[in-house]
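Structure first, then comments.
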Amino acid sequence: FYRLNLTNYNLNQQEKRNSKDSAFGDQCEALSSLEFWKTKKVFSATDAKRMKDVEYCCSIYILANEGIVDQTNGKKINDYYDDYAERFDENDLLKNKISKAMDIIEALTDKSTIQFVSKKAQMYTLFCVAFKLLDLNITPNSDILERFKLFVIAYNSFRNEFMIECEDEQQNIIYERIKKYKLASSEGINKVGNRSIRFQELYEICVNGDDTTKKILRILTKKFEDKLKLKESQIDIFEQDDLVDFSDDN
């Protein structure tokens, strides 16, 4: 009631959950306070104010515990608050798993990838990949890191309306992977299908890729950039043609 009186808006789902005593909720709130999220610029001041950061960390704990699930509504988190009200992760297995995944994501982050990593949907996907690597006991090497950075550059240059002519089947496969990833990041991002697509496509490119993958990502980036430049030049020409001449012709 105190929180309600301080605001001129209705409480959201997470603010209502916060009124419950829950071991799961306490763990998620502790996770949301880590410096990791600040350095990755995932949460805004408004997110923190409305407890969206805690709600997001609930999703990460659920991902660590049971894998990718549909979270287009709040039922899953509500169930966790109720089912794990007394005890949750008492042996810190999930907490340590998340910490190790954060170390992997840290290695993937630099100036060229921070904008990508800071998006909530992309961060969730990176946790999916990191958890898979941990499950398979795979340590990210320099090739995985380089393929990820090249993927991000290509992804940032790609637009959904682009139509690219591919030179061979391998190039077409990676082009289609980028297209599928982009579409799964554009709508229904919390649907289990789109979450699974993003994970599968990113994992195939970054982990199961090879030197040819890196070469193709560079080629596709050049094609995307050329398309983007062409589109921008066409817009400039259109805007110039659309100018009205108000000069006196007499």
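We label chains A, B, ... in the order they appear in the structure tokens, count residues from 1 in each chain, and number ligands from 1 in the order shown.
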So that I can see what lies close to Lys223 (chain A), please list as a list in words the residues with an atom at most 12 Å from it, counting only C-alpha atoms and leaving out residues fewer than 2 positions away in the same chain.
Ala154, Tyr155, Ser157, Phe158, Arg159, Phe162, Met163, Ile164, Glu165, Cys166, Glu167, Gln171, Tyr175, Ile216, Leu217, Arg218, Ile219, Leu220, Thr221, Glu225, Asp226, Lys227, Leu228, Lys229 and Leu230 of chain A
Mind checking which residues fall within 10 Å of region 52-54 of chain A, counting only C-alpha atoms, ignoring those fewer than 2 positions away in the same chain, and posting them as a count of residues only?
29
For the atom pair CA of Glu90 (chain A) and CA of Glu66 (chain A), what is the interatomic distance in Å to one decimal place?
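So the answer is 16.5 Å.
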Which of region 22-192 of chain A DSSP labels alpha helix (DSSP H), written as JSON, numbers by chain
{"A": [23, 24, 25, 26, 27, 28, 29, 30, 31, 32, 35, 36, 37, 38, 39, 45, 46, 47, 48, 49, 52, 53, 54, 55, 56, 57, 58, 59, 60, 61, 62, 63, 64, 65, 66, 75, 76, 77, 78, 79, 80, 81, 82, 83, 93, 94, 95, 96, 97, 98, 99, 100, 101, 102, 103, 104, 105, 106, 107, 108, 114, 115, 116, 117, 120, 121, 122, 123, 124, 125, 126, 127, 128, 129, 130, 131, 132, 133, 134, 135, 142, 143, 144, 145, 146, 147, 148, 149, 150, 151, 152, 153, 154, 155, 156, 157, 169, 170, 171, 172, 173, 174, 175, 176, 177, 178, 179, 180, 181, 182, 183, 184, 192]}
Between CA of Ile173 (chain A) and CA of Asn190 (chain A) lies a distance of 24.9 Å
For Phe199 (chain A), which residue out of A:Ile153, A:Leu183, A:Ile174, A:Val129 is the nearest one, using only C-alpha atoms?
A:Val129
Between CA of Lys120 (chain A) and CA of Glu55 (chain A), what is the distance, to one decimal in Å?
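Between these atoms lies a distance of 11.7 Å.
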Determine, counting only C-alpha atoms, which protein, DNA and RNA residues have an atom within 9 Å of an atom of Thr125 (chain A); residues of the same chain fewer than 6 positions away are not included. Present the result as JSON, numbers by chain.
{"A": [195, 196, 198, 199, 202]}
At a cut-off of 10 Å, using only C-alpha atoms, what residues contact Phe36 (chain A)? Leave out same-chain residues fewer than 2 positions from it and give the result as a PDB file with N, CA and C atoms, in the first residue's frame.
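Dumped everything to selection_6.pdb:
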ATOM      1  N   LEU A  31      20.236 -11.649  -7.532  1.00  0.00           N
ATOM      2  CA  LEU A  31      20.865 -11.726  -8.854  1.00  0.00           C
ATOM      3  C   LEU A  31      20.769 -10.388  -9.581  1.00  0.00           C
ATOM      4  N   SER A  32      19.642  -9.730  -9.465  1.00  0.00           N
ATOM      5  CA  SER A  32      19.436  -8.458 -10.179  1.00  0.00           C
ATOM      6  C   SER A  32      20.338  -7.344  -9.673  1.00  0.00           C
ATOM      7  N   SER A  33      20.903  -7.511  -8.481  1.00  0.00           N
ATOM      8  CA  SER A  33      21.738  -6.461  -7.889  1.00  0.00           C
ATOM      9  C   SER A  33      23.208  -6.574  -8.286  1.00  0.00           C
ATOM     10  N   LEU A  34      23.568  -7.605  -9.047  1.00  0.00           N
ATOM     11  CA  LEU A  34      24.969  -7.799  -9.428  1.00  0.00           C
ATOM     12  C   LEU A  34      25.437  -6.717 -10.396  1.00  0.00           C
ATOM     13  N   LYS A  38      24.833  -3.856 -14.785  1.00  0.00           N
ATOM     14  CA  LYS A  38      25.172  -2.447 -15.019  1.00  0.00           C
ATOM     15  C   LYS A  38      26.230  -2.310 -16.103  1.00  0.00           C
ATOM     16  N   THR A  39      27.252  -3.158 -16.062  1.00  0.00           N
ATOM     17  CA  THR A  39      28.318  -3.063 -17.057  1.00  0.00           C
ATOM     18  C   THR A  39      27.816  -3.439 -18.448  1.00  0.00           C
ATOM     19  N   LYS A  40      26.788  -4.280 -18.504  1.00  0.00           N
ATOM     20  CA  LYS A  40      26.224  -4.688 -19.801  1.00  0.00           C
ATOM     21  C   LYS A  40      25.071  -3.780 -20.233  1.00  0.00           C
ATOM     22  N   LYS A  41      24.679  -2.850 -19.373  1.00  0.00           N
ATOM     23  CA  LYS A  41      23.661  -1.844 -19.687  1.00  0.00           C
ATOM     24  C   LYS A  41      22.326  -2.467 -20.100  1.00  0.00           C
ATOM     25  N   VAL A  42      21.948  -3.537 -19.400  1.00  0.00           N
ATOM     26  CA  VAL A  42      20.734  -4.273 -19.753  1.00  0.00           C
ATOM     27  C   VAL A  42      19.480  -3.575 -19.237  1.00  0.00           C
ATOM     28  N   SER A  99      26.597 -17.783 -12.660  1.00  0.00           N
ATOM     29  CA  SER A  99      27.848 -17.038 -12.524  1.00  0.00           C
ATOM     30  C   SER A  99      28.853 -17.437 -13.604  1.00  0.00           C
ATOM     31  N   MET A 102      27.800 -16.005 -16.891  1.00  0.00           N
ATOM     32  CA  MET A 102      28.147 -14.588 -16.953  1.00  0.00           C
ATOM     33  C   MET A 102      29.608 -14.399 -17.355  1.00  0.00           C
ATOM     34  N   ASP A 103      30.483 -15.274 -16.881  1.00  0.00           N
ATOM     35  CA  ASP A 103      31.898 -15.198 -17.269  1.00  0.00           C
ATOM     36  C   ASP A 103      32.058 -15.410 -18.767  1.00  0.00           C
ATOM     37  N   ILE A 105      29.730 -14.800 -21.086  1.00  0.00           N
ATOM     38  CA  ILE A 105      29.179 -13.614 -21.756  1.00  0.00           C
ATOM     39  C   ILE A 105      30.139 -12.442 -21.639  1.00  0.00           C
ATOM     40  N   GLU A 106      30.813 -12.355 -20.501  1.00  0.00           N
ATOM     41  CA  GLU A 106      31.816 -11.304 -20.314  1.00  0.00           C
ATOM     42  C   GLU A 106      32.893 -11.394 -21.387  1.00  0.00           C
TER      43      GLU A 106
END
Residues of region 91-153 of chain A at most 7 Å from region 204-212 of chain A: nearest atom pair and distance in Å, only C-alpha atoms, as a tab-separated table:
residue	atom	partner	partner_atom	distance
A:Ile144	CA	A:Cys206	CA	5.2
A:Arg147	CA	A:Cys206	CA	5.1
A:Phe148	CA	A:Cys206	CA	5.3
Would you write out those residues with N, CA, C and O atoms, as a PDB file, in the first residue's frame?
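Now in part03.pdb:
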ATOM      1  N   ILE A 144      35.334 -19.203 -31.484  1.00  0.00           N
ATOM      2  CA  ILE A 144      33.941 -18.958 -31.112  1.00  0.00           C
ATOM      3  C   ILE A 144      33.723 -17.474 -30.868  1.00  0.00           C
ATOM      4  O   ILE A 144      32.731 -16.891 -31.323  1.00  0.00           O
ATOM      5  N   ARG A 147      33.724 -15.635 -34.241  1.00  0.00           N
ATOM      6  CA  ARG A 147      32.500 -15.867 -35.015  1.00  0.00           C
ATOM      7  C   ARG A 147      31.327 -15.092 -34.422  1.00  0.00           C
ATOM      8  O   ARG A 147      30.482 -14.568 -35.153  1.00  0.00           O
ATOM      9  N   PHE A 148      31.291 -15.007 -33.086  1.00  0.00           N
ATOM     10  CA  PHE A 148      30.215 -14.241 -32.460  1.00  0.00           C
ATOM     11  C   PHE A 148      30.311 -12.773 -32.851  1.00  0.00           C
ATOM     12  O   PHE A 148      29.303 -12.150 -33.214  1.00  0.00           O
TER      13      PHE A 148
END
Nearest to Asp143 (chain A) by atom-to-atom distance, counting only C-alpha atoms, from A:Leu108, A:Ala184, A:Leu93, A:Ala85
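Using only C-alpha atoms, the shortest distance to Asp143 (chain A) belongs to A:Leu108.
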